[in-house]
file final_3.pdb (PDB, C-alpha atoms)
MODEL        1
ATOM      1  CA  MET A 104     -27.973 -99.877 -33.375  1.00  0.00           C
ATOM      2  CA  LYS A 105     -25.010 -97.973 -34.748  1.00  0.00           C
ATOM      3  CA  LYS A 106     -26.976 -94.682 -34.461  1.00  0.00           C
ATOM      4  CA  THR A 107     -27.807 -95.425 -30.830  1.00  0.00           C
ATOM      5  CA  ILE A 108     -24.166 -96.084 -29.967  1.00  0.00           C
ATOM      6  CA  THR A 109     -23.107 -92.903 -31.789  1.00  0.00           C
ATOM      7  CA  ALA A 110     -25.773 -90.845 -29.991  1.00  0.00           C
ATOM      8  CA  LEU A 111     -24.822 -92.306 -26.607  1.00  0.00           C
ATOM      9  CA  SER A 112     -21.138 -91.655 -27.325  1.00  0.00           C
ATOM     10  CA  LEU A 113     -21.971 -88.055 -28.192  1.00  0.00           C
ATOM     11  CA  VAL A 114     -24.028 -87.621 -25.010  1.00  0.00           C
ATOM     12  CA  ALA A 115     -21.244 -89.187 -22.928  1.00  0.00           C
ATOM     13  CA  ALA A 116     -18.647 -86.933 -24.552  1.00  0.00           C
ATOM     14  CA  LEU A 117     -20.751 -83.828 -23.905  1.00  0.00           C
ATOM     15  CA  PHE A 118     -21.396 -84.879 -20.316  1.00  0.00           C
ATOM     16  CA  THR A 119     -17.697 -85.517 -19.732  1.00  0.00           C
ATOM     17  CA  ALA A 120     -16.698 -82.237 -21.324  1.00  0.00           C
ATOM     18  CA  SER A 121     -19.181 -80.283 -19.258  1.00  0.00           C
ATOM     19  CA  SER A 122     -18.526 -82.011 -15.940  1.00  0.00           C
ATOM     20  CA  VAL A 123     -14.775 -82.588 -15.879  1.00  0.00           C
ATOM     21  CA  PRO A 124     -13.732 -78.921 -15.666  1.00  0.00           C
ATOM     22  CA  ALA A 125     -16.244 -78.317 -12.903  1.00  0.00           C
ATOM     23  CA  ALA A 126     -15.154 -81.407 -11.017  1.00  0.00           C
ATOM     24  CA  SER A 127     -11.454 -80.640 -11.371  1.00  0.00           C
ATOM     25  CA  ALA A 128     -11.849 -77.031 -10.232  1.00  0.00           C
ATOM     26  CA  THR A 129     -11.860 -77.498  -6.486  1.00  0.00           C
ATOM     27  CA  PRO A 130     -13.317 -74.488  -4.725  1.00  0.00           C
ATOM     28  CA  ALA A 131     -10.500 -73.289  -2.516  1.00  0.00           C
ATOM     29  CA  ALA A 132     -11.077 -70.763   0.209  1.00  0.00           C
ATOM     30  CA  GLN A 133     -10.535 -67.444  -1.514  1.00  0.00           C
ATOM     31  CA  GLU A 134      -8.445 -64.796   0.155  1.00  0.00           C
ATOM     32  CA  LEU A 135     -10.587 -61.793   1.018  1.00  0.00           C
ATOM     33  CA  PRO A 136      -9.327 -58.323   0.154  1.00  0.00           C
ATOM     34  CA  ALA A 137      -7.534 -56.582   3.021  1.00  0.00           C
ATOM     35  CA  ALA A 138     -10.209 -53.879   3.170  1.00  0.00           C
ATOM     36  CA  CYS A 139     -12.885 -56.377   4.247  1.00  0.00           C
ATOM     37  CA  ALA A 140     -11.808 -56.567   7.892  1.00  0.00           C
ATOM     38  CA  GLY A 141     -11.842 -52.777   8.260  1.00  0.00           C
ATOM     39  CA  LEU A 142     -15.215 -52.449   6.563  1.00  0.00           C
ATOM     40  CA  VAL A 143     -16.728 -55.177   8.769  1.00  0.00           C
ATOM     41  CA  THR A 144     -15.341 -53.373  11.838  1.00  0.00           C
ATOM     42  CA  ASP A 145     -16.941 -50.125  10.591  1.00  0.00           C
ATOM     43  CA  LEU A 146     -20.237 -51.966  10.016  1.00  0.00           C
ATOM     44  CA  ALA A 147     -20.180 -53.346  13.565  1.00  0.00           C
ATOM     45  CA  GLY A 148     -19.414 -49.857  14.926  1.00  0.00           C
ATOM     46  CA  LYS A 149     -22.336 -48.300  13.032  1.00  0.00           C
ATOM     47  CA  LEU A 150     -24.639 -51.091  14.201  1.00  0.00           C
ATOM     48  CA  THR A 151     -23.574 -50.439  17.796  1.00  0.00           C
ATOM     49  CA  LYS A 152     -24.457 -46.756  17.342  1.00  0.00           C
ATOM     50  CA  VAL A 153     -27.822 -47.683  15.789  1.00  0.00           C
ATOM     51  CA  VAL A 154     -28.716 -50.023  18.655  1.00  0.00           C
ATOM     52  CA  SER A 155     -27.655 -47.538  21.341  1.00  0.00           C
ATOM     53  CA  SER A 156     -29.548 -44.728  19.589  1.00  0.00           C
ATOM     54  CA  LEU A 157     -32.765 -46.719  19.310  1.00  0.00           C
ATOM     55  CA  LEU A 158     -32.999 -48.676  22.552  1.00  0.00           C
ATOM     56  CA  PRO A 159     -34.320 -48.240  25.165  1.00  0.00           C
ATOM     57  CA  VAL A 160     -35.601 -44.826  23.957  1.00  0.00           C
ATOM     58  CA  PRO A 161     -35.368 -44.035  20.230  1.00  0.00           C
ATOM     59  CA  ASN A 162     -33.394 -40.986  19.150  1.00  0.00           C
ATOM     60  CA  VAL A 163     -34.672 -40.625  15.587  1.00  0.00           C
ATOM     61  CA  GLY A 164     -32.362 -37.702  14.809  1.00  0.00           C
ATOM     62  CA  ALA A 165     -29.256 -39.672  15.736  1.00  0.00           C
ATOM     63  CA  VAL A 166     -30.250 -42.779  13.782  1.00  0.00           C
ATOM     64  CA  THR A 167     -31.394 -41.165  10.536  1.00  0.00           C
ATOM     65  CA  PRO A 168     -27.880 -40.512   9.129  1.00  0.00           C
ATOM     66  CA  LEU A 169     -26.711 -43.946  10.309  1.00  0.00           C
ATOM     67  CA  ILE A 170     -29.170 -45.659   7.941  1.00  0.00           C
ATOM     68  CA  GLY A 171     -27.386 -44.092   4.974  1.00  0.00           C
ATOM     69  CA  ASP A 172     -24.032 -44.989   6.507  1.00  0.00           C
ATOM     70  CA  LEU A 173     -25.074 -48.658   6.797  1.00  0.00           C
ATOM     71  CA  LEU A 174     -26.186 -48.769   3.162  1.00  0.00           C
ATOM     72  CA  GLY A 175     -22.941 -47.052   2.164  1.00  0.00           C
ATOM     73  CA  LEU A 176     -20.930 -49.702   3.999  1.00  0.00           C
ATOM     74  CA  VAL A 177     -22.791 -52.497   2.200  1.00  0.00           C
ATOM     75  CA  SER A 178     -21.947 -50.766  -1.083  1.00  0.00           C
ATOM     76  CA  ALA A 179     -18.310 -50.352   0.012  1.00  0.00           C
ATOM     77  CA  LEU A 180     -18.133 -54.060   0.914  1.00  0.00           C
ATOM     78  CA  GLN A 181     -19.438 -54.903  -2.559  1.00  0.00           C
ATOM     79  CA  GLY A 182     -17.015 -52.507  -4.227  1.00  0.00           C
ATOM     80  CA  ALA A 183     -14.057 -53.969  -2.353  1.00  0.00           C
ATOM     81  CA  GLY A 184     -14.965 -57.486  -3.484  1.00  0.00           C
ATOM     82  CA  CYS A 185     -16.025 -58.594   0.005  1.00  0.00           C
ATOM     83  CA  LEU A 186     -19.655 -59.174  -1.034  1.00  0.00           C
ATOM     84  CA  PRO A 187     -21.346 -60.018  -4.323  1.00  0.00           C
ATOM     85  CA  THR A 188     -23.279 -57.365  -6.191  1.00  0.00           C
ATOM     86  CA  PRO A 189     -26.809 -58.256  -7.305  1.00  0.00           C
ATOM     87  CA  PRO A 190     -26.799 -59.137 -11.013  1.00  0.00           C
ATOM     88  CA  VAL A 191     -29.535 -56.627 -11.834  1.00  0.00           C
ATOM     89  CA  SER A 192     -29.854 -53.093 -10.583  1.00  0.00           C
ATOM     90  CA  ALA A 193     -32.794 -50.750 -10.574  1.00  0.00           C
ATOM     91  CA  PRO A 194     -32.834 -48.211 -13.404  1.00  0.00           C
ATOM     92  CA  GLY A 195     -30.873 -45.115 -12.503  1.00  0.00           C
ATOM     93  CA  VAL A 196     -29.155 -46.727  -9.510  1.00  0.00           C
ATOM     94  CA  PRO A 197     -25.409 -46.918 -10.108  1.00  0.00           C
ATOM     95  CA  LEU A 198     -23.610 -50.124  -9.213  1.00  0.00           C
ATOM     96  CA  PRO A 199     -20.742 -49.745  -6.755  1.00  0.00           C
ATOM     97  CA  VAL A 200     -17.355 -49.050  -8.297  1.00  0.00           C
ATOM     98  CA  LYS A 201     -15.445 -52.294  -7.928  1.00  0.00           C
ATOM     99  CA  ALA A 202     -11.862 -52.431  -6.819  1.00  0.00           C
ATOM    100  CA  ALA A 203     -12.045 -56.244  -6.758  1.00  0.00           C
ATOM    101  CA  GLU A 204     -14.493 -58.912  -7.876  1.00  0.00           C
ATOM    102  CA  TYR A 205     -16.191 -61.074  -5.224  1.00  0.00           C
ATOM    103  CA  SER A 206     -14.974 -64.655  -5.480  1.00  0.00           C
ATOM    104  CA  GLY A 207     -16.780 -66.354  -2.591  1.00  0.00           C
ATOM    105  CA  PRO A 208     -19.911 -68.532  -2.487  1.00  0.00           C
ATOM    106  CA  VAL A 209     -22.398 -66.308  -4.364  1.00  0.00           C
ATOM    107  CA  ASP A 210     -25.274 -68.787  -4.047  1.00  0.00           C
ATOM    108  CA  GLN A 211     -25.054 -68.639  -0.228  1.00  0.00           C
ATOM    109  CA  CYS A 212     -23.991 -65.034   0.168  1.00  0.00           C
ATOM    110  CA  LEU A 213     -26.119 -63.057  -2.293  1.00  0.00           C
ATOM    111  CA  PRO A 214     -29.483 -63.865  -0.618  1.00  0.00           C
ATOM    112  CA  VAL A 215     -28.039 -62.712   2.722  1.00  0.00           C
ATOM    113  CA  VAL A 216     -26.789 -59.471   1.140  1.00  0.00           C
ATOM    114  CA  LEU A 217     -30.263 -58.828  -0.249  1.00  0.00           C
ATOM    115  CA  ASN A 218     -31.806 -59.580   3.167  1.00  0.00           C
ATOM    116  CA  LEU A 219     -29.346 -57.164   4.771  1.00  0.00           C
ATOM    117  CA  VAL A 220     -30.260 -54.349   2.390  1.00  0.00           C
ATOM    118  CA  SER A 221     -33.946 -55.107   2.954  1.00  0.00           C
ATOM    119  CA  SER A 222     -33.523 -55.041   6.753  1.00  0.00           C
ATOM    120  CA  ILE A 223     -31.654 -51.732   6.644  1.00  0.00           C
ATOM    121  CA  ALA A 224     -34.314 -50.261   4.355  1.00  0.00           C
ATOM    122  CA  GLY A 225     -37.069 -51.535   6.679  1.00  0.00           C
ATOM    123  CA  LEU A 226     -35.376 -49.910   9.646  1.00  0.00           C
ATOM    124  CA  GLY A 227     -34.973 -46.705   7.657  1.00  0.00           C
ATOM    125  CA  GLY A 228     -38.639 -46.724   6.685  1.00  0.00           C
ATOM    126  CA  THR A 229     -39.703 -47.206  10.290  1.00  0.00           C
ATOM    127  CA  ILE A 230     -37.388 -44.459  11.546  1.00  0.00           C
ATOM    128  CA  LEU A 231     -38.180 -41.970   8.791  1.00  0.00           C
ATOM    129  CA  GLY A 232     -41.883 -42.701   9.160  1.00  0.00           C
ATOM    130  CA  ALA A 233     -41.602 -41.635  12.772  1.00  0.00           C
ATOM    131  CA  ALA A 234     -39.421 -38.622  11.980  1.00  0.00           C
ATOM    132  CA  GLY A 235     -42.538 -36.702  10.972  1.00  0.00           C
ATOM    133  CA  GLY A 236     -43.877 -36.828  14.497  1.00  0.00           C
ATOM    134  CA  GLY A 237     -43.954 -39.041  17.512  1.00  0.00           C
ATOM    135  CA  LEU A 238     -41.727 -41.914  18.514  1.00  0.00           C
ATOM    136  CA  PRO A 239     -41.556 -45.149  16.528  1.00  0.00           C
ATOM    137  CA  ASP A 240     -43.002 -48.332  17.986  1.00  0.00           C
ATOM    138  CA  ILE A 241     -40.352 -49.887  20.270  1.00  0.00           C
ATOM    139  CA  GLY A 242     -41.660 -53.404  19.616  1.00  0.00           C
ATOM    140  CA  LYS A 243     -41.372 -52.943  15.862  1.00  0.00           C
ATOM    141  CA  ILE A 244     -37.881 -51.455  16.174  1.00  0.00           C
ATOM    142  CA  THR A 245     -36.762 -54.316  18.418  1.00  0.00           C
ATOM    143  CA  GLY A 246     -38.048 -56.839  15.869  1.00  0.00           C
ATOM    144  CA  ILE A 247     -36.287 -55.103  12.985  1.00  0.00           C
ATOM    145  CA  LEU A 248     -33.034 -54.787  14.952  1.00  0.00           C
ATOM    146  CA  THR A 249     -33.195 -58.472  15.919  1.00  0.00           C
ATOM    147  CA  THR A 250     -33.603 -59.402  12.245  1.00  0.00           C
ATOM    148  CA  LEU A 251     -30.850 -56.989  11.189  1.00  0.00           C
ATOM    149  CA  LEU A 252     -28.330 -58.369  13.704  1.00  0.00           C
ATOM    150  CA  LYS A 253     -29.186 -61.972  12.769  1.00  0.00           C
ATOM    151  CA  THR A 254     -28.742 -61.104   9.089  1.00  0.00           C
ATOM    152  CA  VAL A 255     -25.319 -59.564   9.760  1.00  0.00           C
ATOM    153  CA  THR A 256     -24.329 -62.714  11.678  1.00  0.00           C
ATOM    154  CA  ASP A 257     -25.457 -64.799   8.684  1.00  0.00           C
ATOM    155  CA  LEU A 258     -23.520 -62.451   6.409  1.00  0.00           C
ATOM    156  CA  LEU A 259     -20.286 -63.063   8.306  1.00  0.00           C
ATOM    157  CA  GLN A 260     -20.787 -66.823   8.227  1.00  0.00           C
ATOM    158  CA  LYS A 261     -22.120 -67.380   4.709  1.00  0.00           C
ATOM    159  CA  CYS A 262     -19.946 -64.807   2.953  1.00  0.00           C
ATOM    160  CA  GLY A 263     -16.752 -65.760   4.762  1.00  0.00           C
ATOM    161  CA  LEU A 264     -16.185 -62.331   6.289  1.00  0.00           C
ATOM    162  CA  PRO A 265     -14.028 -61.949   9.398  1.00  0.00           C
ATOM    163  CA  ALA A 266     -15.737 -61.314  12.715  1.00  0.00           C
ATOM    164  CA  PRO A 267     -15.157 -57.772  13.950  1.00  0.00           C
ATOM    165  CA  PRO A 268     -13.008 -57.268  17.050  1.00  0.00           C
ATOM    166  CA  GLY A 269     -15.326 -57.371  20.020  1.00  0.00           C
ATOM    167  CA  GLY A 270     -18.053 -59.083  17.980  1.00  0.00           C
ATOM    168  CA  LEU A 271     -21.377 -57.667  16.891  1.00  0.00           C
ATOM    169  CA  PRO A 272     -23.588 -55.577  19.142  1.00  0.00           C
ATOM    170  CA  THR A 273     -26.400 -57.180  21.083  1.00  0.00           C
ATOM    171  CA  LEU A 274     -29.757 -55.798  22.014  1.00  0.00           C
ATOM    172  CA  PRO A 275     -29.969 -54.511  25.571  1.00  0.00           C
ATOM    173  CA  GLY A 276     -32.665 -55.864  27.833  1.00  0.00           C
ATOM    174  CA  LEU A 277     -35.802 -53.815  27.523  1.00  0.00           C
ATOM    175  CA  PRO A 278     -37.268 -52.333  30.686  1.00  0.00           C
ATOM    176  CA  LEU A 279     -40.059 -54.311  32.235  1.00  0.00           C
ATOM    177  CA  PRO A 280     -43.502 -52.746  32.147  1.00  0.00           C
ATOM    178  CA  VAL A 281     -44.527 -51.048  35.358  1.00  0.00           C
ATOM    179  CA  GLU A 282     -47.538 -52.733  36.915  1.00  0.00           C
ATOM    180  CA  ASN A 283     -50.196 -50.703  38.706  1.00  0.00           C
ATOM    181  CA  SER A 284     -50.867 -52.023  42.179  1.00  0.00           C
TER     182      SER A 284
ENDMDL
END
call {"tool": "encode", "arguments": {"input": "final_3.pdb", "output": "structure tokens"}}
result
Amino acid sequence: MKKTITALSLVAALFTASSVPAASATPAAQELPAACAGLVTDLAGKLTKVVSSLLPVPNVGAVTPLIGDLLGLVSALQGAGCLPTPPVSAPGVPLPVKAAEYSGPVDQCLPVVLNLVSSIAGLGGTILGAAGGGLPDIGKITGILTTLLKTVTDLLQKCGLPAPPGGLPTLPGLPLPVENS
């Protein structure tokens, strides 16, 4: 009986020690670095250029450098402490130089950051695949752009980033197919 009480006391002490600091540390809204608003505005501007360069008729030459710019802005957002950096990097890929450490909700934000990078890479693959000849599939581009813009909206919400002035770009209405009569 005495051993049971001692074991339970030890378990209770360990539980208290491990849970009290976490419970007493109330997650306050962290102040974002000043650079975040400017970087989000730049991201929205690049997205506007991407959308206008791809729809209604794709201009592959105009969009190709913008893909790198978008990835560079994600890296800049991570380096400024506006977004979390993935905990593991691919061999040979340098992590962004950090001016500040991200202090927001990593569990909500990091998956969105990874989705954003994946969406940008998917768009880049579609565009660069078409750069060799012919125009890319408008339906596929529209789907990727829809996903990309939704992911950026999620990024603003789940990572606590400020909305850019004027908001994010929207997709223009696609022309209706011409019917033969």
call {"tool": "atom_distance", "arguments": {"input": "final_3.pdb", "atom1": "CA of Leu158 (chain A)", "atom2": "CA of Thr254 (chain A)"}}
result
18.8 Å
call {"tool": "closest_residue", "arguments": {"input": "final_3.pdb", "among": "A:Leu174, A:Leu180, A:Val163, A:Val215", "to": "Val255 (chain A)", "atoms": "only C-alpha atoms"}}
result
A:Val215
call {"tool": "resolve_selection", "arguments": {"input": "final_3.pdb", "expression": "the PyMOL selection byres ((chain A and resi 166) around 12)", "output": "PyMOL selection string"}}
result
chain A and resi 149-158+160-165+167-173+223+226-231+233-234+239+244
call {"tool": "residues_around", "arguments": {"input": "final_3.pdb", "residues": "Leu274 (chain A)", "least_positions_apart": "2", "cutoff": "9 Å", "atoms": "all atoms listed in the file", "output": "ChimeraX atom specification"}}
result
/A:154-155,158,245,248-249,252,272,276-277
call {"tool": "atom_distance", "arguments": {"input": "final_3.pdb", "atom1": "CA of Thr144 (chain A)", "atom2": "CA of Leu258 (chain A)"}}
result
13.4 Å
call {"tool": "residues_around", "arguments": {"input": "final_3.pdb", "residues": "Pro268 (chain A)", "least_positions_apart": "3", "cutoff": "10 Å", "atoms": "all atoms listed in the file", "output": "list in words"}}
result
Ala140, Gly141, Val143, Thr144, Ala147, Pro265 and Leu271 of chain A
call {"tool": "atom_distance", "arguments": {"input": "final_3.pdb", "atom1": "CA of Leu238 (chain A)", "atom2": "CA of Asn218 (chain A)"}}
result
25.4 Å
call {"tool": "closest_residue", "arguments": {"input": "final_3.pdb", "among": "A:Glu204, A:Leu219, A:Ala138, A:Gly175", "to": "Lys253 (chain A)", "atoms": "all atoms listed in the file"}}
result
A:Leu219
call {"tool": "closest_residue", "arguments": {"input": "final_3.pdb", "among": "A:Ile241, A:Leu142, A:Leu186, A:Leu251", "to": "Gly207 (chain A)", "atoms": "all atoms listed in the file"}}
result
A:Leu186
call {"tool": "closest_residue", "arguments": {"input": "final_3.pdb", "among": "A:Pro275, A:Ala224, A:Pro267, A:Cys262", "to": "Gln211 (chain A)", "atoms": "all atoms listed in the file"}}
result
A:Cys262
call {"tool": "residues_around", "arguments": {"input": "final_3.pdb", "residues": "Gly263 (chain A)", "least_positions_apart": "2", "cutoff": "10 Å", "atoms": "only C-alpha atoms", "output": "list in words"}}
result
Ala132, Gln133, Glu134, Leu135, Cys185, Leu186, Gly207, Pro208, Cys212, Asp257, Leu258, Leu259, Gln260, Lys261, Pro265 and Ala266 of chain A
call {"tool": "write_last_selection", "arguments": {"input": "final_3.pdb", "atoms": "C-alpha atoms", "output": "PDB file, in the coordinates of the input"}}
result
ATOM      1  CA  ALA A 132     -11.077 -70.763   0.209  1.00  0.00           C
ATOM      2  CA  GLN A 133     -10.535 -67.444  -1.514  1.00  0.00           C
ATOM      3  CA  GLU A 134      -8.445 -64.796   0.155  1.00  0.00           C
ATOM      4  CA  LEU A 135     -10.587 -61.793   1.018  1.00  0.00           C
ATOM      5  CA  CYS A 185     -16.025 -58.594   0.005  1.00  0.00           C
ATOM      6  CA  LEU A 186     -19.655 -59.174  -1.034  1.00  0.00           C
ATOM      7  CA  GLY A 207     -16.780 -66.354  -2.591  1.00  0.00           C
ATOM      8  CA  PRO A 208     -19.911 -68.532  -2.487  1.00  0.00           C
ATOM      9  CA  CYS A 212     -23.991 -65.034   0.168  1.00  0.00           C
ATOM     10  CA  ASP A 257     -25.457 -64.799   8.684  1.00  0.00           C
ATOM     11  CA  LEU A 258     -23.520 -62.451   6.409  1.00  0.00           C
ATOM     12  CA  LEU A 259     -20.286 -63.063   8.306  1.00  0.00           C
ATOM     13  CA  GLN A 260     -20.787 -66.823   8.227  1.00  0.00           C
ATOM     14  CA  LYS A 261     -22.120 -67.380   4.709  1.00  0.00           C
ATOM     15  CA  PRO A 265     -14.028 -61.949   9.398  1.00  0.00           C
ATOM     16  CA  ALA A 266     -15.737 -61.314  12.715  1.00  0.00           C
TER      17      ALA A 266
END
call {"tool": "closest_residue", "arguments": {"input": "final_3.pdb", "among": "A:Gly148, A:Pro159, A:Gly225, A:Pro136", "to": "Ser206 (chain A)", "atoms": "only C-alpha atoms"}}
result
A:Pro136
call {"tool": "closest_residue", "arguments": {"input": "final_3.pdb", "among": "A:Ala183, A:Ala137, A:Val220, A:Leu146", "to": "Thr250 (chain A)", "atoms": "all atoms listed in the file"}}
result
A:Val220
